[in-house]
>>> print(open('model-v6.pdb').read())   # PDB, C-alpha atoms and all ligand atoms
MODEL        1
ATOM      1  CA  MET A1389    -135.644 111.839-124.038  1.00  0.00           C
ATOM      2  CA  LYS A1390    -138.536 109.496-123.250  1.00  0.00           C
ATOM      3  CA  LYS A1391    -137.363 107.199-126.019  1.00  0.00           C
ATOM      4  CA  ILE A1392    -133.842 107.057-124.600  1.00  0.00           C
ATOM      5  CA  VAL A1393    -135.177 106.193-121.161  1.00  0.00           C
ATOM      6  CA  ALA A1394    -137.366 103.486-122.683  1.00  0.00           C
ATOM      7  CA  ILE A1395    -134.444 102.006-124.612  1.00  0.00           C
ATOM      8  CA  LEU A1396    -132.192 102.091-121.559  1.00  0.00           C
ATOM      9  CA  SER A1397    -134.716 100.366-119.333  1.00  0.00           C
ATOM     10  CA  PHE A1398    -135.308  97.770-122.035  1.00  0.00           C
ATOM     11  CA  LEU A1399    -131.569  97.086-122.232  1.00  0.00           C
ATOM     12  CA  SER A1400    -131.160  96.819-118.459  1.00  0.00           C
ATOM     13  CA  ALA A1401    -134.114  94.410-118.346  1.00  0.00           C
ATOM     14  CA  ILE A1402    -132.321  92.213-120.866  1.00  0.00           C
ATOM     15  CA  THR A1403    -129.060  92.279-118.905  1.00  0.00           C
ATOM     16  CA  LEU A1404    -130.862  91.362-115.699  1.00  0.00           C
ATOM     17  CA  PHE A1405    -132.511  88.460-117.472  1.00  0.00           C
ATOM     18  CA  ALA A1406    -129.204  87.286-118.928  1.00  0.00           C
ATOM     19  CA  ASP A1407    -127.529  87.388-115.505  1.00  0.00           C
ATOM     20  CA  ILE A1408    -130.167  85.190-113.913  1.00  0.00           C
ATOM     21  CA  GLU A1409    -130.095  82.786-116.854  1.00  0.00           C
ATOM     22  CA  ASN A1410    -126.312  82.445-116.565  1.00  0.00           C
ATOM     23  CA  GLY A1411    -126.699  82.103-112.792  1.00  0.00           C
ATOM     24  CA  LYS A1412    -129.023  79.160-113.360  1.00  0.00           C
ATOM     25  CA  VAL A1413    -126.363  77.463-115.509  1.00  0.00           C
ATOM     26  CA  VAL A1414    -123.654  78.167-112.914  1.00  0.00           C
ATOM     27  CA  TYR A1415    -125.992  76.705-110.271  1.00  0.00           C
ATOM     28  CA  ALA A1416    -126.691  73.551-112.303  1.00  0.00           C
ATOM     29  CA  GLN A1417    -122.996  72.967-112.957  1.00  0.00           C
ATOM     30  CA  ASN A1418    -121.582  73.753-109.504  1.00  0.00           C
ATOM     31  CA  CYS A1419    -124.191  73.778-106.752  1.00  0.00           C
ATOM     32  CA  ALA A1420    -127.057  71.446-107.694  1.00  0.00           C
ATOM     33  CA  ASN A1421    -125.275  68.343-106.349  1.00  0.00           C
ATOM     34  CA  CYS A1422    -125.683  69.675-102.821  1.00  0.00           C
ATOM     35  CA  HIS A1423    -128.303  72.469-102.907  1.00  0.00           C
ATOM     36  CA  SER A1424    -131.826  71.889-104.239  1.00  0.00           C
ATOM     37  CA  VAL A1425    -134.182  74.624-105.455  1.00  0.00           C
ATOM     38  CA  SER A1426    -137.378  72.564-105.164  1.00  0.00           C
ATOM     39  CA  MET A1427    -137.145  71.668-101.467  1.00  0.00           C
ATOM     40  CA  THR A1428    -135.991  68.154-102.313  1.00  0.00           C
ATOM     41  CA  GLY A1429    -133.106  68.332 -99.853  1.00  0.00           C
ATOM     42  CA  GLY A1430    -129.387  67.675-100.071  1.00  0.00           C
ATOM     43  CA  MET A1431    -126.194  68.214 -98.181  1.00  0.00           C
ATOM     44  CA  GLY A1432    -126.561  72.025 -98.265  1.00  0.00           C
ATOM     45  CA  LYS A1433    -129.687  74.138 -97.647  1.00  0.00           C
ATOM     46  CA  ASP A1434    -132.292  74.523-100.344  1.00  0.00           C
ATOM     47  CA  PHE A1435    -131.677  77.857-102.073  1.00  0.00           C
ATOM     48  CA  ASN A1436    -135.278  78.953-101.475  1.00  0.00           C
ATOM     49  CA  LEU A1437    -134.433  79.097 -97.767  1.00  0.00           C
ATOM     50  CA  VAL A1438    -131.152  80.853 -98.498  1.00  0.00           C
ATOM     51  CA  SER A1439    -132.977  83.370-100.688  1.00  0.00           C
ATOM     52  CA  TYR A1440    -135.498  84.000 -97.944  1.00  0.00           C
ATOM     53  CA  ASN A1441    -132.966  84.419 -95.145  1.00  0.00           C
ATOM     54  CA  ARG A1442    -129.837  85.921 -96.697  1.00  0.00           C
ATOM     55  CA  LYS A1443    -128.909  89.060 -98.520  1.00  0.00           C
ATOM     56  CA  LYS A1444    -127.276  88.754-101.913  1.00  0.00           C
ATOM     57  CA  GLU A1445    -124.020  90.284-100.595  1.00  0.00           C
ATOM     58  CA  ASP A1446    -123.837  87.611 -97.882  1.00  0.00           C
ATOM     59  CA  VAL A1447    -124.456  84.814-100.371  1.00  0.00           C
ATOM     60  CA  ILE A1448    -121.551  86.181-102.436  1.00  0.00           C
ATOM     61  CA  LYS A1449    -119.327  86.248 -99.336  1.00  0.00           C
ATOM     62  CA  TYR A1450    -120.103  82.602 -98.660  1.00  0.00           C
ATOM     63  CA  ILE A1451    -119.393  81.436-102.211  1.00  0.00           C
ATOM     64  CA  VAL A1452    -116.089  83.286-102.307  1.00  0.00           C
ATOM     65  CA  SER A1453    -114.840  81.976 -98.962  1.00  0.00           C
ATOM     66  CA  PRO A1454    -116.891  79.276 -97.207  1.00  0.00           C
ATOM     67  CA  MET A1455    -113.933  78.270 -95.031  1.00  0.00           C
ATOM     68  CA  THR A1456    -113.693  81.695 -93.399  1.00  0.00           C
ATOM     69  CA  MET A1457    -117.454  82.435 -93.298  1.00  0.00           C
ATOM     70  CA  TYR A1458    -119.008  79.252 -91.914  1.00  0.00           C
ATOM     71  CA  ARG A1459    -118.914  80.276 -88.234  1.00  0.00           C
ATOM     72  CA  GLU A1460    -120.514  83.625 -88.966  1.00  0.00           C
ATOM     73  CA  PHE A1461    -123.282  81.760 -90.822  1.00  0.00           C
ATOM     74  CA  GLY A1462    -123.969  79.575 -87.784  1.00  0.00           C
ATOM     75  CA  TYR A1463    -122.205  76.368 -88.819  1.00  0.00           C
ATOM     76  CA  SER A1464    -119.765  74.452 -86.633  1.00  0.00           C
ATOM     77  CA  ALA A1465    -117.940  72.889 -89.573  1.00  0.00           C
ATOM     78  CA  ASN A1466    -117.306  73.608 -93.253  1.00  0.00           C
ATOM     79  CA  ALA A1467    -117.949  70.933 -95.856  1.00  0.00           C
ATOM     80  CA  MET A1468    -118.623  73.206 -98.812  1.00  0.00           C
ATOM     81  CA  PRO A1469    -115.654  73.567-101.151  1.00  0.00           C
ATOM     82  CA  ARG A1470    -114.498  76.784-102.782  1.00  0.00           C
ATOM     83  CA  PHE A1471    -115.189  77.021-106.514  1.00  0.00           C
ATOM     84  CA  PRO A1472    -112.914  78.510-109.168  1.00  0.00           C
ATOM     85  CA  LEU A1473    -115.682  80.782-110.502  1.00  0.00           C
ATOM     86  CA  SER A1474    -115.199  84.147-112.173  1.00  0.00           C
ATOM     87  CA  GLY A1475    -116.466  87.238-110.360  1.00  0.00           C
ATOM     88  CA  GLU A1476    -119.238  87.476-112.918  1.00  0.00           C
ATOM     89  CA  ASP A1477    -120.380  83.876-112.365  1.00  0.00           C
ATOM     90  CA  VAL A1478    -120.417  84.419-108.596  1.00  0.00           C
ATOM     91  CA  GLU A1479    -122.513  87.568-109.070  1.00  0.00           C
ATOM     92  CA  ASP A1480    -124.894  85.771-111.459  1.00  0.00           C
ATOM     93  CA  VAL A1481    -125.462  82.706-109.283  1.00  0.00           C
ATOM     94  CA  ALA A1482    -126.086  84.984-106.281  1.00  0.00           C
ATOM     95  CA  GLU A1483    -128.573  86.949-108.406  1.00  0.00           C
ATOM     96  CA  TYR A1484    -130.282  83.689-109.363  1.00  0.00           C
ATOM     97  CA  ILE A1485    -130.541  82.614-105.687  1.00  0.00           C
ATOM     98  CA  ASP A1486    -131.799  86.101-104.809  1.00  0.00           C
ATOM     99  CA  SER A1487    -134.535  85.815-107.446  1.00  0.00           C
ATOM    100  CA  LEU A1488    -136.055  82.644-105.967  1.00  0.00           C
ATOM    101  CA  GLN A1489    -137.920  84.273-103.067  1.00  0.00           C
ATOM    102  CA  ARG A1490    -139.228  87.791-103.404  1.00  0.00           C
ATOM    103  CA  PHE A1491    -140.573  88.251 -99.894  1.00  0.00           C
ATOM    104  CA  LYS A1492    -137.470  88.177 -97.748  1.00  0.00           C
ATOM    105  CA  VAL A1493    -137.447  87.638 -94.029  1.00  0.00           C
ATOM    106  CA  TRP A1494    -134.617  90.185 -93.650  1.00  0.00           C
ATOM    107  CA  MET A1495    -136.710  92.794 -95.444  1.00  0.00           C
ATOM    108  CA  LYS A1496    -139.529  92.268 -92.952  1.00  0.00           C
ATOM    109  CA  LYS A1497    -137.058  92.779 -90.118  1.00  0.00           C
ATOM    110  CA  GLY A1498    -136.111  96.035 -91.815  1.00  0.00           C
ATOM    111  CA  GLU A1499    -132.385  95.370 -91.723  1.00  0.00           C
TER     112      GLU A1499
HETATM  113  C1  LIG B   1    -120.205  69.465-101.897  1.00  0.00           C
HETATM  114  C2  LIG B   1    -121.522  70.022-101.594  1.00  0.00           C
HETATM  115  C3  LIG B   1    -121.757  71.500-101.879  1.00  0.00           C
HETATM  116  C4  LIG B   1    -121.659  72.157-103.082  1.00  0.00           C
HETATM  117  C5  LIG B   1    -121.265  71.579-104.427  1.00  0.00           C
HETATM  118  C6  LIG B   1    -122.062  73.531-102.807  1.00  0.00           C
HETATM  119  N1  LIG B   1    -122.384  73.689-101.493  1.00  0.00           N
HETATM  120 FE1  LIG B   1    -123.021  75.386-100.586  1.00  0.00          FE
HETATM  121  N2  LIG B   1    -123.058  74.451 -98.810  1.00  0.00           N
HETATM  122  C7  LIG B   1    -122.784  73.106 -98.612  1.00  0.00           C
HETATM  123  C8  LIG B   1    -122.846  72.796 -97.183  1.00  0.00           C
HETATM  124  C9  LIG B   1    -122.634  71.425 -96.565  1.00  0.00           C
HETATM  125  C10 LIG B   1    -123.149  74.013 -96.533  1.00  0.00           C
HETATM  126  C11 LIG B   1    -123.228  74.230 -95.013  1.00  0.00           C
HETATM  127  C12 LIG B   1    -121.979  74.929 -94.487  1.00  0.00           C
HETATM  128  C13 LIG B   1    -120.665  74.350 -94.940  1.00  0.00           C
HETATM  129  O1  LIG B   1    -120.457  73.125 -94.854  1.00  0.00           O
HETATM  130  O2  LIG B   1    -119.812  75.141 -95.432  1.00  0.00           O
HETATM  131  C14 LIG B   1    -123.297  75.022 -97.589  1.00  0.00           C
HETATM  132  C15 LIG B   1    -123.650  76.349 -97.356  1.00  0.00           C
HETATM  133  C16 LIG B   1    -123.890  77.285 -98.346  1.00  0.00           C
HETATM  134  C17 LIG B   1    -124.364  78.633 -98.110  1.00  0.00           C
HETATM  135  C18 LIG B   1    -124.776  79.248 -96.774  1.00  0.00           C
HETATM  136  C19 LIG B   1    -126.239  78.897 -96.569  1.00  0.00           C
HETATM  137  C20 LIG B   1    -126.903  79.552 -95.401  1.00  0.00           C
HETATM  138  O3  LIG B   1    -127.697  80.475 -95.603  1.00  0.00           O
HETATM  139  O4  LIG B   1    -126.676  79.120 -94.269  1.00  0.00           O
HETATM  140  C21 LIG B   1    -124.451  79.239 -99.331  1.00  0.00           C
HETATM  141  C22 LIG B   1    -124.895  80.661 -99.622  1.00  0.00           C
HETATM  142  C23 LIG B   1    -124.013  78.275-100.314  1.00  0.00           C
HETATM  143  N3  LIG B   1    -123.697  77.095 -99.687  1.00  0.00           N
HETATM  144  C24 LIG B   1    -123.958  78.519-101.672  1.00  0.00           C
HETATM  145  C25 LIG B   1    -123.476  77.611-102.612  1.00  0.00           C
HETATM  146  C26 LIG B   1    -123.336  77.911-104.009  1.00  0.00           C
HETATM  147  C27 LIG B   1    -123.745  79.195-104.672  1.00  0.00           C
HETATM  148  C28 LIG B   1    -122.805  76.794-104.611  1.00  0.00           C
HETATM  149  C29 LIG B   1    -122.405  76.626-106.065  1.00  0.00           C
HETATM  150  C30 LIG B   1    -121.514  77.623-106.608  1.00  0.00           C
HETATM  151  C31 LIG B   1    -122.624  75.799-103.564  1.00  0.00           C
HETATM  152  N4  LIG B   1    -123.049  76.330-102.371  1.00  0.00           N
HETATM  153  C32 LIG B   1    -122.120  74.527-103.775  1.00  0.00           C
HETATM  154  C33 LIG B   1    -122.484  72.185 -99.564  1.00  0.00           C
HETATM  155  C34 LIG B   1    -122.220  72.470-100.886  1.00  0.00           C
ENDMDL
END
>>> encode(input="model-v6.pdb", output="structure tokens", more="lines below")
Ligand code: HEC
Amino acid sequence: MKKIVAILSFLSAITLFADIENGKVVYAQNCANCHSVSMTGGMGKDFNLVSYNRKKEDVIKYIVSPMTMYREFGYSANAMPRFPLSGEDVEDVAEYIDSLQRFKVWMKKGE
């Protein structure tokens, strides 16, 4: 039984790793033009700030439909386009953004 648990947790660790790695690729190909990850600026917010302030589910909502979400996110206009990404790629890039900052402001608020 212990062995099975060990194997399962090893496998899930690999999948998690693979998701974030794919998310990084999705980021580089689709988001890096406008969103930095090293606080170097751009048209959109640096993803470290997004990671700190937003939940993964909300990041997914924004990627899927920026044109219907921008007001809720505090913007007065929408310049971000919608991307033809698969559900898996959306999930992975959100996971990658989520992994950037471990100490979230929304966790501190206890939301
Ligand atoms: C053409 C430039 C551009 C590209 C490419 C782009 N974004 Fe954006 N993004 C923006 C801008 C500008 C905003 C601010 C609101 C708006 O205009 O919709 C934004 C806002 C966001 C937000 C909300 C941030 C917040 O917390 O307020 C998220 C999340 C986001 N983008 C994720 C992504 C992801 C993920 C990708 C790649 C799949 C991506 N963006 C690609 C320009 C871009």
>>> resolve_selection(input="model-v6.pdb", expression="the PyMOL selection byres (((chain A and resi 1425) around 7) and not hetatm)", output="ChimeraX atom specification")
/A:1423-1424,1426-1427,1434-1436
>>> residues_near_ligand(input="model-v6.pdb", ligand="ligand LIG 1 (chain B)", cutoff="7 Å", atoms="all atoms listed in the file", output="number ranges by chain")
A: 1414-1415, 1418-1423, 1431-1433, 1438, 1441-1442, 1447, 1450-1451, 1454-1455, 1458, 1461, 1463, 1465-1469, 1471, 1481-1482
>>> residues_around(input="model-v6.pdb", residues="Phe1491 in chain A", least_positions_apart="3", cutoff="10 Å", atoms="all atoms listed in the file", output="JSON, numbers by chain")
{"A": [1439, 1440, 1441, 1487, 1488, 1494, 1495, 1496]}
>>> atom_distance(input="model-v6.pdb", atom1="CA of Ile1408 in chain A", atom2="CA of Ile1392 in chain A")
24.6 Å
>>> closest_residue(input="model-v6.pdb", among="A:Lys1412, A:Arg1459, A:Arg1490, A:Lys1449", to="Asp1477 in chain A", atoms="all atoms listed in the file")
A:Lys1412
>>> atom_distance(input="model-v6.pdb", atom1="CA of Thr1428 in chain A", atom2="CA of Ala1416 in chain A")
14.7 Å
>>> atom_distance(input="model-v6.pdb", atom1="CA of Glu1445 in chain A", atom2="CA of Glu1479 in chain A")
9.0 Å
>>> closest_residue(input="model-v6.pdb", among="A:Gly1430, A:Glu1460, A:Lys1444, A:Lys1390", to="Tyr1484 in chain A", atoms="only C-alpha atoms")
A:Lys1444
>>> closest_residue(input="model-v6.pdb", among="A:Leu1437, A:Ala1394, A:Leu1473, A:Ile1448", to="Gln1489 in chain A", atoms="all atoms listed in the file")
A:Leu1437
>>> axis_aligned_box(input="model-v6.pdb", around="range 1414-1420 of chain A", padding_each_side="4 Å", output="JSON")
{"center_x": -124.3, "center_y": 74.8, "center_z": -109.9, "size_x": 13.5, "size_y": 14.7, "size_z": 14.2}
